[in-house]
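As stored in protein.txt (compact mmCIF, C-alpha atoms (C1' of nucleotides)):
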```txt
# COMPACT_ATOMS: atom_id res chain seq x y z
CA MET B 389 56.02 -10.45 -120.97
CA GLU B 390 58.33 -7.43 -120.42
CA LEU B 391 61.01 -7.92 -123.01
CA ALA B 392 64.46 -7.77 -121.52
CA ALA B 393 65.90 -4.30 -121.87
CA GLU B 394 68.68 -5.52 -124.12
CA LYS B 395 66.24 -7.20 -126.47
CA LEU B 396 64.01 -4.20 -126.53
CA GLU B 397 66.15 -1.90 -128.55
CA LYS B 398 66.83 -4.70 -130.95
CA ALA B 399 63.15 -5.52 -131.27
CA ALA B 400 62.28 -1.92 -132.02
CA PHE B 401 65.11 -1.83 -134.50
CA ILE B 402 63.86 -4.87 -136.35
CA LEU B 403 60.28 -3.69 -136.31
CA LYS B 404 61.30 -0.33 -137.66
CA THR B 405 63.01 -2.04 -140.53
CA ILE B 406 59.95 -4.13 -141.29
CA ALA B 407 57.39 -1.39 -140.81
CA HIS B 408 57.05 -0.27 -144.38
CA PRO B 409 54.63 -1.53 -147.04
CA VAL B 410 57.28 -2.21 -149.65
CA ARG B 411 59.57 -3.93 -147.20
CA LEU B 412 56.74 -6.03 -145.86
CA ARG B 413 56.03 -7.15 -149.39
CA ILE B 414 59.69 -7.95 -149.94
CA ILE B 415 59.61 -10.19 -146.91
CA GLY B 416 56.42 -11.82 -148.13
CA LEU B 417 57.87 -12.43 -151.57
CA LEU B 418 61.10 -13.82 -150.21
CA ASN B 419 59.17 -16.09 -147.96
CA ASP B 420 57.34 -17.48 -150.96
CA HIS B 421 60.31 -17.65 -153.29
CA GLU B 422 63.49 -18.56 -151.44
CA GLN B 423 65.45 -16.06 -153.52
CA LEU B 424 64.79 -13.33 -156.04
CA SER B 425 66.92 -11.00 -158.11
CA VAL B 426 66.54 -7.26 -157.83
CA SER B 427 64.82 -6.98 -161.18
CA GLU B 428 62.42 -9.78 -160.32
CA LEU B 429 61.61 -7.94 -157.13
CA CYS B 430 61.23 -4.64 -158.95
CA GLU B 431 58.72 -6.20 -161.25
CA LYS B 432 56.72 -8.02 -158.62
CA LEU B 433 56.72 -4.99 -156.39
CA ASP B 434 56.11 -2.58 -159.23
CA CYS B 435 58.77 -0.46 -157.64
CA GLU B 436 61.53 1.49 -159.30
CA GLN B 437 64.99 -0.07 -159.44
CA SER B 438 66.77 2.51 -157.36
CA LEU B 439 64.16 2.60 -154.66
CA THR B 440 63.95 -1.17 -154.51
CA SER B 441 67.70 -1.32 -154.24
CA HIS B 442 67.72 1.17 -151.42
CA HIS B 443 65.18 -0.87 -149.50
CA LEU B 444 67.09 -4.06 -150.13
CA SER B 445 70.43 -2.74 -148.98
CA ASN B 446 68.80 -1.22 -145.96
CA MET B 447 67.29 -4.56 -145.03
CA LYS B 448 70.55 -6.30 -145.72
CA LEU B 449 72.48 -3.82 -143.62
CA LYS B 450 70.13 -4.47 -140.75
CA GLY B 451 70.61 -8.19 -141.03
CA LEU B 452 67.26 -9.24 -142.42
CA LEU B 453 68.40 -10.23 -145.87
CA SER B 454 71.42 -11.78 -147.44
CA ALA B 455 72.57 -11.35 -151.01
CA ARG B 456 74.69 -13.31 -153.38
CA ARG B 457 75.81 -12.46 -156.84
CA GLU B 458 75.26 -14.77 -159.79
CA GLY B 459 76.48 -13.26 -163.01
CA LYS B 460 74.83 -9.96 -163.62
CA ASN B 461 72.14 -10.63 -161.07
CA ILE B 462 72.14 -10.33 -157.35
CA TYR B 463 69.82 -12.64 -155.52
CA TYR B 464 68.35 -11.68 -152.21
CA SER B 465 66.92 -14.02 -149.65
CA LEU B 466 65.65 -13.96 -146.10
CA LYS B 467 68.41 -14.32 -143.61
CA GLU B 468 66.17 -14.93 -140.66
CA LYS B 469 63.15 -16.98 -141.58
CA GLN B 470 61.68 -16.17 -138.20
CA VAL B 471 60.91 -12.68 -139.35
CA THR B 472 58.08 -14.21 -141.26
CA SER B 473 56.38 -15.24 -138.06
CA ILE B 474 55.74 -11.59 -137.38
CA LEU B 475 53.88 -11.37 -140.65
CA THR B 476 51.86 -14.42 -139.73
CA CYS B 477 50.90 -12.72 -136.49
CA LEU B 478 49.74 -9.68 -138.37
CA GLU B 479 47.88 -11.79 -140.87
CA ASN B 480 45.97 -13.69 -138.22
CA CYS B 481 45.46 -10.63 -136.13
CA ASN B 482 42.01 -9.31 -136.92
CA CYS B 483 43.23 -6.01 -135.68
CA ASN B 484 40.39 -3.60 -136.18
CA MET B 485 42.80 -0.81 -135.69
CA GLY B 486 42.96 2.61 -137.14
CA MET Z 678 52.25 -15.68 -147.31
CA GLU Z 679 51.79 -12.46 -149.36
CA LEU Z 680 49.63 -10.31 -147.19
CA ALA Z 681 46.62 -8.96 -149.02
CA ALA Z 682 47.31 -5.51 -150.34
CA GLU Z 683 44.65 -3.96 -148.17
CA LYS Z 684 46.09 -5.51 -145.05
CA LEU Z 685 49.57 -4.49 -145.98
CA GLU Z 686 49.26 -0.81 -145.40
CA LYS Z 687 47.52 -1.48 -142.15
CA ALA Z 688 50.18 -3.90 -141.06
CA ALA Z 689 52.95 -1.42 -141.78
CA PHE Z 690 50.95 1.20 -139.95
CA ILE Z 691 50.60 -0.92 -136.86
CA LEU Z 692 54.22 -1.99 -136.93
CA LYS Z 693 55.36 1.59 -137.23
CA THR Z 694 53.37 2.44 -134.17
CA ILE Z 695 54.91 -0.41 -132.24
CA ALA Z 696 58.44 0.04 -133.48
CA HIS Z 697 59.76 2.20 -130.71
CA PRO Z 698 61.47 1.13 -127.48
CA VAL Z 699 59.22 3.14 -125.20
CA ARG Z 700 56.07 2.06 -126.96
CA LEU Z 701 57.16 -1.56 -126.89
CA ARG Z 702 57.62 -1.25 -123.16
CA ILE Z 703 54.20 0.32 -122.81
CA ILE Z 704 52.70 -2.65 -124.58
CA GLY Z 705 54.66 -5.02 -122.39
CA LEU Z 706 53.56 -3.25 -119.23
CA LEU Z 707 49.94 -3.13 -120.27
CA ASN Z 708 50.07 -6.78 -121.09
CA ASP Z 709 51.23 -7.49 -117.57
CA HIS Z 710 48.95 -5.06 -115.81
CA GLU Z 711 45.56 -4.83 -117.50
CA GLN Z 712 45.52 -1.07 -116.93
CA LEU Z 713 47.84 1.64 -115.74
CA SER Z 714 47.56 5.36 -115.14
CA VAL Z 715 49.81 7.80 -116.91
CA SER Z 716 51.85 8.51 -113.81
CA GLU Z 717 52.27 4.82 -113.10
CA LEU Z 718 53.50 4.40 -116.62
CA CYS Z 719 55.80 7.39 -116.34
CA GLU Z 720 57.37 5.90 -113.29
CA LYS Z 721 57.76 2.39 -114.61
CA LEU Z 722 59.08 3.67 -117.89
CA ASP Z 723 61.24 6.32 -116.29
CA CYS Z 724 59.92 8.62 -118.95
CA GLU Z 725 58.86 12.22 -118.64
CA GLN Z 726 55.14 12.95 -118.32
CA SER Z 727 54.75 14.91 -121.51
CA LEU Z 728 56.66 12.45 -123.62
CA THR Z 729 54.80 9.51 -122.15
CA SER Z 730 51.55 11.25 -122.81
CA HIS Z 731 52.50 11.91 -126.41
CA HIS Z 732 53.30 8.25 -126.93
CA LEU Z 733 50.09 7.18 -125.28
CA SER Z 734 47.83 9.43 -127.28
CA ASN Z 735 49.62 8.40 -130.43
CA MET Z 736 49.00 4.76 -129.64
CA LYS Z 737 45.43 5.51 -128.74
CA LEU Z 738 44.87 7.45 -131.91
CA LYS Z 739 46.12 4.52 -133.90
CA GLY Z 740 43.78 2.17 -132.14
CA LEU Z 741 46.21 0.21 -130.01
CA LEU Z 742 45.16 1.53 -126.64
CA SER Z 743 42.01 2.64 -124.97
CA ALA Z 744 41.72 5.07 -122.11
CA ARG Z 745 39.21 5.77 -119.43
CA ARG Z 746 39.16 8.46 -116.82
CA GLU Z 747 38.78 7.73 -113.14
CA GLY Z 748 38.96 10.85 -111.05
CA LYS Z 749 42.19 12.65 -111.70
CA ASN Z 750 43.75 9.65 -113.31
CA ILE Z 751 43.43 8.29 -116.78
CA TYR Z 752 43.92 4.59 -117.14
CA TYR Z 753 45.24 3.12 -120.33
CA SER Z 754 44.88 -0.45 -121.46
CA LEU Z 755 45.53 -2.57 -124.51
CA LYS Z 756 42.68 -2.43 -126.95
CA GLU Z 757 43.87 -5.32 -129.03
CA LYS Z 758 45.45 -8.04 -126.96
CA GLN Z 759 46.67 -9.64 -130.14
CA VAL Z 760 49.30 -6.99 -130.48
CA THR Z 761 51.11 -8.80 -127.74
CA SER Z 762 51.56 -11.82 -129.96
CA ILE Z 763 53.95 -9.76 -132.03
CA LEU Z 764 56.04 -9.20 -128.94
CA THR Z 765 56.00 -12.89 -128.22
CA CYS Z 766 57.29 -13.53 -131.72
CA LEU Z 767 60.12 -11.10 -131.16
CA GLU Z 768 60.89 -12.60 -127.80
CA ASN Z 769 61.13 -16.12 -129.14
CA CYS Z 770 62.91 -15.03 -132.24
CA ASN Z 771 66.62 -15.53 -131.63
CA CYS Z 772 67.17 -12.97 -134.30
CA ASN Z 773 70.89 -12.47 -134.47
CA MET Z 774 70.28 -9.38 -136.43
CA GLY Z 775 72.14 -6.15 -136.63
C1' DG H 1379 36.93 29.76 -105.63
C1' DT H 1380 42.11 28.85 -105.05
C1' DT H 1381 45.41 25.59 -105.19
C1' DA H 1382 47.33 21.32 -106.45
C1' DA H 1383 47.58 17.02 -108.95
C1' DA H 1384 47.20 14.42 -113.19
C1' DC H 1385 47.15 14.64 -117.74
C1' DA H 1386 46.88 16.74 -122.59
C1' DT H 1387 48.29 19.72 -126.20
C1' DG H 1388 50.76 22.53 -129.44
C1' DA H 1389 54.73 24.91 -131.19
C1' DA H 1390 59.49 24.52 -132.22
C1' DG H 1391 63.59 22.33 -133.08
C1' DT H 1392 66.17 18.31 -134.28
C1' DT H 1393 66.91 14.18 -136.39
C1' DA H 1394 65.61 10.32 -139.15
C1' DT H 1395 63.15 8.23 -143.27
C1' DG H 1396 61.58 7.95 -147.80
C1' DT H 1397 62.03 9.19 -152.50
C1' DT H 1398 63.99 10.79 -156.78
C1' DC H 1399 67.52 11.61 -159.91
C1' DA H 1400 71.82 11.29 -161.84
C1' DT H 1401 75.76 8.60 -161.97
C1' DA H 1402 78.91 4.79 -160.76
C1' DT H 1403 80.32 -0.15 -160.73
C1' DA H 1404 80.34 -4.89 -162.16
C1' DT H 1405 79.46 -8.45 -165.44
C1' DT H 1406 78.45 -10.22 -169.77
C1' DT H 1407 78.10 -10.04 -174.73
C1' DA H 1408 79.19 -8.42 -179.28
C1' DT E 1321 87.23 -2.79 -175.84
C1' DA E 1322 82.61 -0.84 -176.50
C1' DA E 1323 77.97 -1.41 -175.52
C1' DA E 1324 74.38 -3.28 -172.81
C1' DT E 1325 72.36 -5.13 -168.65
C1' DA E 1326 71.86 -5.42 -163.70
C1' DT E 1327 72.55 -3.28 -159.66
C1' DA E 1328 74.49 0.14 -156.22
C1' DT E 1329 75.40 4.60 -154.48
C1' DG E 1330 75.21 9.35 -153.07
C1' DA E 1331 73.41 13.91 -153.06
C1' DA E 1332 69.39 16.54 -152.47
C1' DC E 1333 64.99 17.26 -151.15
C1' DA E 1334 60.57 16.53 -148.80
C1' DT E 1335 58.23 14.68 -145.17
C1' DA E 1336 57.56 12.48 -140.95
C1' DA E 1337 58.96 11.12 -136.29
C1' DC E 1338 60.90 12.24 -131.76
C1' DT E 1339 61.68 15.21 -128.04
C1' DT E 1340 61.43 19.29 -125.17
C1' DC E 1341 59.28 23.07 -123.22
C1' DA E 1342 55.75 25.93 -121.94
C1' DT E 1343 50.98 26.12 -121.16
C1' DG E 1344 46.09 24.41 -121.12
C1' DT E 1345 42.35 21.42 -119.09
C1' DT E 1346 40.11 18.58 -115.82
C1' DT E 1347 39.19 16.98 -111.39
C1' DA E 1348 39.63 16.96 -106.53
C1' DA E 1349 40.84 18.94 -102.05
C1' DC E 1350 41.09 22.60 -99.16
```

What is this file in structure tokens?
Amino acid sequence: MELAAEKLEKAAFILKTIAHPVRLRIIGLLNDHEQLSVSELCEKLDCEQSLTSHHLSNMKLKGLLSARREGKNIYYSLKEKQVTSILTCLENCNCNMG
Amino acid sequence: MELAAEKLEKAAFILKTIAHPVRLRIIGLLNDHEQLSVSELCEKLDCEQSLTSHHLSNMKLKGLLSARREGKNIYYSLKEKQVTSILTCLENCNCNMG
DNA sequence: GTTAAACATGAAGTTATGTTCATATATTTA
DNA sequence: TAAATATATGAACATAACTTCATGTTTAAC
């Protein structure tokens, strides 16, 4: 095991970005849907526009999502599909934690 | 995908606990070693005793580690081996993020 | 029963994160 | 070009996380 030191900071960085209920759901949704507009996400997440937008730009900034404009809408999608594998781990993990 | 709502909070919770360079290294070390005392961890991590201890009790509190005393030493070990699978994901993930 | 070793704990300070609110920008439509 | 829709942005605040430092507790050795 022992992640290489270089990879370590990056791993923590990515995990930190993912480690939030709303952002986890965003990843889940974008894994199911290929791409979604901000308002579609707002609705599905039941999360206010501004807050959703903040989360999205944060995730984009950190390289997890990409965005492209189409008319009035901006569509977000997963940039690194592999991120999803972390979710799968968590899903399968019967972690009786907490 | 779409983690069940109940699992979601827990997943974020676990990820938040893991999402720290030192704590990632602790998990890596305890995956390699089965159990380690605090001072062994301090040394391997090159991390001050108090800080290491804080991280350890945090991880224990959140159910990731277990501890048992043996004389003057306290040995920590992974409570949920599955946590390691998340590290494996990250390792294999050529995430060109950031 | 003192001392030392190994570890835990708690307060304090600093920084980072999350959230809200008000406002700005871009695009389309009337 | 004015209004409406979709989204972004930034300031301000509240809360949580990280770290340090000083001190407490437990166990063992003398």

Which residues of chain Z are close to chain E, meaning at most 12 Å apart when you count only C-alpha atoms (C1' of nucleotides), and how do they look as an mmCIF file with C-alpha atoms, keeping the file's coordinate frame?
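Output file iface.cif is given in full below:
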```cif
data_model
loop_
_atom_site.group_PDB
_atom_site.id
_atom_site.type_symbol
_atom_site.label_atom_id
_atom_site.label_comp_id
_atom_site.auth_asym_id
_atom_site.auth_seq_id
_atom_site.Cartn_x
_atom_site.Cartn_y
_atom_site.Cartn_z
ATOM 1 C CA LYS Z 693 55.360 1.590 -137.230
ATOM 2 C CA THR Z 694 53.370 2.440 -134.170
ATOM 3 C CA ALA Z 696 58.440 0.040 -133.480
ATOM 4 C CA HIS Z 697 59.760 2.200 -130.710
ATOM 5 C CA PRO Z 698 61.470 1.130 -127.480
ATOM 6 C CA VAL Z 699 59.220 3.140 -125.200
ATOM 7 C CA CYS Z 724 59.920 8.620 -118.950
ATOM 8 C CA GLU Z 725 58.860 12.220 -118.640
ATOM 9 C CA GLN Z 726 55.140 12.950 -118.320
ATOM 10 C CA SER Z 727 54.750 14.910 -121.510
ATOM 11 C CA LEU Z 728 56.660 12.450 -123.620
ATOM 12 C CA THR Z 729 54.800 9.510 -122.150
ATOM 13 C CA HIS Z 731 52.500 11.910 -126.410
ATOM 14 C CA HIS Z 732 53.300 8.250 -126.930
ATOM 15 C CA ASN Z 735 49.620 8.400 -130.430
ATOM 16 C CA ARG Z 746 39.160 8.460 -116.820
ATOM 17 C CA GLU Z 747 38.780 7.730 -113.140
ATOM 18 C CA GLY Z 748 38.960 10.850 -111.050
ATOM 19 C CA LYS Z 749 42.190 12.650 -111.700
ATOM 20 C CA ASN Z 750 43.750 9.650 -113.310
ATOM 21 C CA ILE Z 751 43.430 8.290 -116.780
#
```

Let's have chain Z fitted on chain B; use all the C-alpha atoms paired in order for the least-squares step and return it as a PDB file with C-alpha atoms, keeping the file's coordinate frame.
```pdb
ATOM      1  CA  MET Z 678      56.012 -10.428-120.957  1.00  0.00           C
ATOM      2  CA  GLU Z 679      58.370  -7.440-120.418  1.00  0.00           C
ATOM      3  CA  LEU Z 680      61.038  -7.919-122.996  1.00  0.00           C
ATOM      4  CA  ALA Z 681      64.514  -7.751-121.539  1.00  0.00           C
ATOM      5  CA  ALA Z 682      65.935  -4.292-121.899  1.00  0.00           C
ATOM      6  CA  GLU Z 683      68.704  -5.478-124.160  1.00  0.00           C
ATOM      7  CA  LYS Z 684      66.271  -7.169-126.490  1.00  0.00           C
ATOM      8  CA  LEU Z 685      64.016  -4.181-126.531  1.00  0.00           C
ATOM      9  CA  GLU Z 686      66.151  -1.883-128.566  1.00  0.00           C
ATOM     10  CA  LYS Z 687      66.832  -4.669-130.977  1.00  0.00           C
ATOM     11  CA  ALA Z 688      63.179  -5.497-131.274  1.00  0.00           C
ATOM     12  CA  ALA Z 689      62.266  -1.900-132.029  1.00  0.00           C
ATOM     13  CA  PHE Z 690      65.093  -1.806-134.522  1.00  0.00           C
ATOM     14  CA  ILE Z 691      63.861  -4.853-136.355  1.00  0.00           C
ATOM     15  CA  LEU Z 692      60.269  -3.690-136.304  1.00  0.00           C
ATOM     16  CA  LYS Z 693      61.251  -0.326-137.692  1.00  0.00           C
ATOM     17  CA  THR Z 694      62.971  -2.047-140.542  1.00  0.00           C
ATOM     18  CA  ILE Z 695      59.920  -4.139-141.268  1.00  0.00           C
ATOM     19  CA  ALA Z 696      57.361  -1.413-140.797  1.00  0.00           C
ATOM     20  CA  HIS Z 697      57.040  -0.292-144.363  1.00  0.00           C
ATOM     21  CA  PRO Z 698      54.621  -1.533-147.029  1.00  0.00           C
ATOM     22  CA  VAL Z 699      57.275  -2.210-149.636  1.00  0.00           C
ATOM     23  CA  ARG Z 700      59.571  -3.933-147.198  1.00  0.00           C
ATOM     24  CA  LEU Z 701      56.730  -6.047-145.872  1.00  0.00           C
ATOM     25  CA  ARG Z 702      56.025  -7.147-149.409  1.00  0.00           C
ATOM     26  CA  ILE Z 703      59.677  -7.954-149.948  1.00  0.00           C
ATOM     27  CA  ILE Z 704      59.590 -10.188-146.914  1.00  0.00           C
ATOM     28  CA  GLY Z 705      56.407 -11.815-148.130  1.00  0.00           C
ATOM     29  CA  LEU Z 706      57.857 -12.428-151.572  1.00  0.00           C
ATOM     30  CA  LEU Z 707      61.089 -13.822-150.227  1.00  0.00           C
ATOM     31  CA  ASN Z 708      59.152 -16.092-147.966  1.00  0.00           C
ATOM     32  CA  ASP Z 709      57.346 -17.483-150.974  1.00  0.00           C
ATOM     33  CA  HIS Z 710      60.316 -17.647-153.288  1.00  0.00           C
ATOM     34  CA  GLU Z 711      63.498 -18.564-151.435  1.00  0.00           C
ATOM     35  CA  GLN Z 712      65.451 -16.060-153.528  1.00  0.00           C
ATOM     36  CA  LEU Z 713      64.788 -13.338-156.037  1.00  0.00           C
ATOM     37  CA  SER Z 714      66.917 -11.003-158.110  1.00  0.00           C
ATOM     38  CA  VAL Z 715      66.554  -7.269-157.839  1.00  0.00           C
ATOM     39  CA  SER Z 716      64.819  -6.972-161.182  1.00  0.00           C
ATOM     40  CA  GLU Z 717      62.419  -9.762-160.315  1.00  0.00           C
ATOM     41  CA  LEU Z 718      61.623  -7.934-157.136  1.00  0.00           C
ATOM     42  CA  CYS Z 719      61.244  -4.633-158.944  1.00  0.00           C
ATOM     43  CA  GLU Z 720      58.742  -6.182-161.253  1.00  0.00           C
ATOM     44  CA  LYS Z 721      56.726  -8.000-158.637  1.00  0.00           C
ATOM     45  CA  LEU Z 722      56.725  -4.976-156.402  1.00  0.00           C
ATOM     46  CA  ASP Z 723      56.111  -2.555-159.233  1.00  0.00           C
ATOM     47  CA  CYS Z 724      58.782  -0.443-157.648  1.00  0.00           C
ATOM     48  CA  GLU Z 725      61.538   1.512-159.310  1.00  0.00           C
ATOM     49  CA  GLN Z 726      65.001  -0.060-159.430  1.00  0.00           C
ATOM     50  CA  SER Z 727      66.780   2.520-157.344  1.00  0.00           C
ATOM     51  CA  LEU Z 728      64.150   2.613-154.657  1.00  0.00           C
ATOM     52  CA  THR Z 729      63.960  -1.155-154.497  1.00  0.00           C
ATOM     53  CA  SER Z 730      67.691  -1.322-154.223  1.00  0.00           C
ATOM     54  CA  HIS Z 731      67.712   1.185-151.393  1.00  0.00           C
ATOM     55  CA  HIS Z 732      65.169  -0.863-149.483  1.00  0.00           C
ATOM     56  CA  LEU Z 733      67.078  -4.048-150.102  1.00  0.00           C
ATOM     57  CA  SER Z 734      70.424  -2.749-148.967  1.00  0.00           C
ATOM     58  CA  ASN Z 735      68.787  -1.229-145.935  1.00  0.00           C
ATOM     59  CA  MET Z 736      67.275  -4.568-145.028  1.00  0.00           C
ATOM     60  CA  LYS Z 737      70.547  -6.290-145.695  1.00  0.00           C
ATOM     61  CA  LEU Z 738      72.456  -3.824-143.598  1.00  0.00           C
ATOM     62  CA  LYS Z 739      70.114  -4.477-140.735  1.00  0.00           C
ATOM     63  CA  GLY Z 740      70.601  -8.188-141.023  1.00  0.00           C
ATOM     64  CA  LEU Z 741      67.249  -9.239-142.418  1.00  0.00           C
ATOM     65  CA  LEU Z 742      68.391 -10.245-145.865  1.00  0.00           C
ATOM     66  CA  SER Z 743      71.402 -11.804-147.430  1.00  0.00           C
ATOM     67  CA  ALA Z 744      72.562 -11.376-150.985  1.00  0.00           C
ATOM     68  CA  ARG Z 745      74.688 -13.323-153.365  1.00  0.00           C
ATOM     69  CA  ARG Z 746      75.817 -12.471-156.836  1.00  0.00           C
ATOM     70  CA  GLU Z 747      75.271 -14.761-159.782  1.00  0.00           C
ATOM     71  CA  GLY Z 748      76.502 -13.252-162.998  1.00  0.00           C
ATOM     72  CA  LYS Z 749      74.834  -9.941-163.588  1.00  0.00           C
ATOM     73  CA  ASN Z 750      72.146 -10.641-161.076  1.00  0.00           C
ATOM     74  CA  ILE Z 751      72.144 -10.348-157.347  1.00  0.00           C
ATOM     75  CA  TYR Z 752      69.819 -12.657-155.524  1.00  0.00           C
ATOM     76  CA  TYR Z 753      68.348 -11.694-152.210  1.00  0.00           C
ATOM     77  CA  SER Z 754      66.904 -14.034-149.643  1.00  0.00           C
ATOM     78  CA  LEU Z 755      65.632 -13.962-146.094  1.00  0.00           C
ATOM     79  CA  LYS Z 756      68.411 -14.343-143.598  1.00  0.00           C
ATOM     80  CA  GLU Z 757      66.152 -14.960-140.664  1.00  0.00           C
ATOM     81  CA  LYS Z 758      63.117 -16.995-141.575  1.00  0.00           C
ATOM     82  CA  GLN Z 759      61.660 -16.184-138.202  1.00  0.00           C
ATOM     83  CA  VAL Z 760      60.905 -12.696-139.352  1.00  0.00           C
ATOM     84  CA  THR Z 761      58.073 -14.222-141.279  1.00  0.00           C
ATOM     85  CA  SER Z 762      56.383 -15.269-138.069  1.00  0.00           C
ATOM     86  CA  ILE Z 763      55.741 -11.614-137.387  1.00  0.00           C
ATOM     87  CA  LEU Z 764      53.885 -11.396-140.664  1.00  0.00           C
ATOM     88  CA  THR Z 765      51.870 -14.434-139.747  1.00  0.00           C
ATOM     89  CA  CYS Z 766      50.904 -12.745-136.501  1.00  0.00           C
ATOM     90  CA  LEU Z 767      49.748  -9.693-138.391  1.00  0.00           C
ATOM     91  CA  GLU Z 768      47.871 -11.804-140.872  1.00  0.00           C
ATOM     92  CA  ASN Z 769      45.978 -13.700-138.214  1.00  0.00           C
ATOM     93  CA  CYS Z 770      45.467 -10.648-136.120  1.00  0.00           C
ATOM     94  CA  ASN Z 771      42.014  -9.304-136.931  1.00  0.00           C
ATOM     95  CA  CYS Z 772      43.256  -6.004-135.686  1.00  0.00           C
ATOM     96  CA  ASN Z 773      40.426  -3.592-136.220  1.00  0.00           C
ATOM     97  CA  MET Z 774      42.830  -0.816-135.688  1.00  0.00           C
ATOM     98  CA  GLY Z 775      43.009   2.630-137.109  1.00  0.00           C
TER      99      GLY Z 775
END
```

Worksheet item: For chain Z, which residues have at least one atom within 9 Å of chain B, if we go by all atoms listed in the file? Write them as JSON, numbers by chain, please.
Response: {"Z": [678, 679, 680, 681, 682, 684, 685, 686, 687, 688, 689, 690, 691, 692, 693, 694, 695, 696, 697, 698, 699, 700, 701, 702, 704, 705, 706, 708, 709, 738, 739, 740, 741, 756, 757, 759, 760, 761, 762, 763, 764, 765, 766, 767, 768, 770, 771, 772, 773, 774, 775]}

Considering only C-alpha atoms (C1' of nucleotides), tabulate each residue of chain H that lies at most 12 Å from chain B along with its nearest interatomic pair and the corresponding distance in Å to one decimal; arrange the rows by chain and ascending residue number and present them as a tab-separated table.
```
residue	atom	partner	partner_atom	distance
H:DA1394	C1'	B:Lys404	CA	11.6
H:DT1395	C1'	B:Lys404	CA	10.4
H:DG1396	C1'	B:Leu439	CA	9.1
H:DT1397	C1'	B:Leu439	CA	7.3
H:DT1398	C1'	B:Leu439	CA	8.5
H:DC1399	C1'	B:Ser438	CA	9.5
H:DA1400	C1'	B:Ser438	CA	11.1
H:DT1401	C1'	B:Ser438	CA	11.8
H:DT1403	C1'	B:Lys460	CA	11.6
H:DA1404	C1'	B:Lys460	CA	7.6
H:DT1405	C1'	B:Lys460	CA	5.2
H:DT1406	C1'	B:Lys460	CA	7.1
H:DT1407	C1'	B:Lys460	CA	11.6
```

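With atom CA of Z:Leu713 on one side and atom CA of Z:Tyr752 on the other, the separation reads 5.1 Å.
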
A straight line from atom CA of B:Ser427 to atom CA of Z:Glu683 spans 24.2 Å
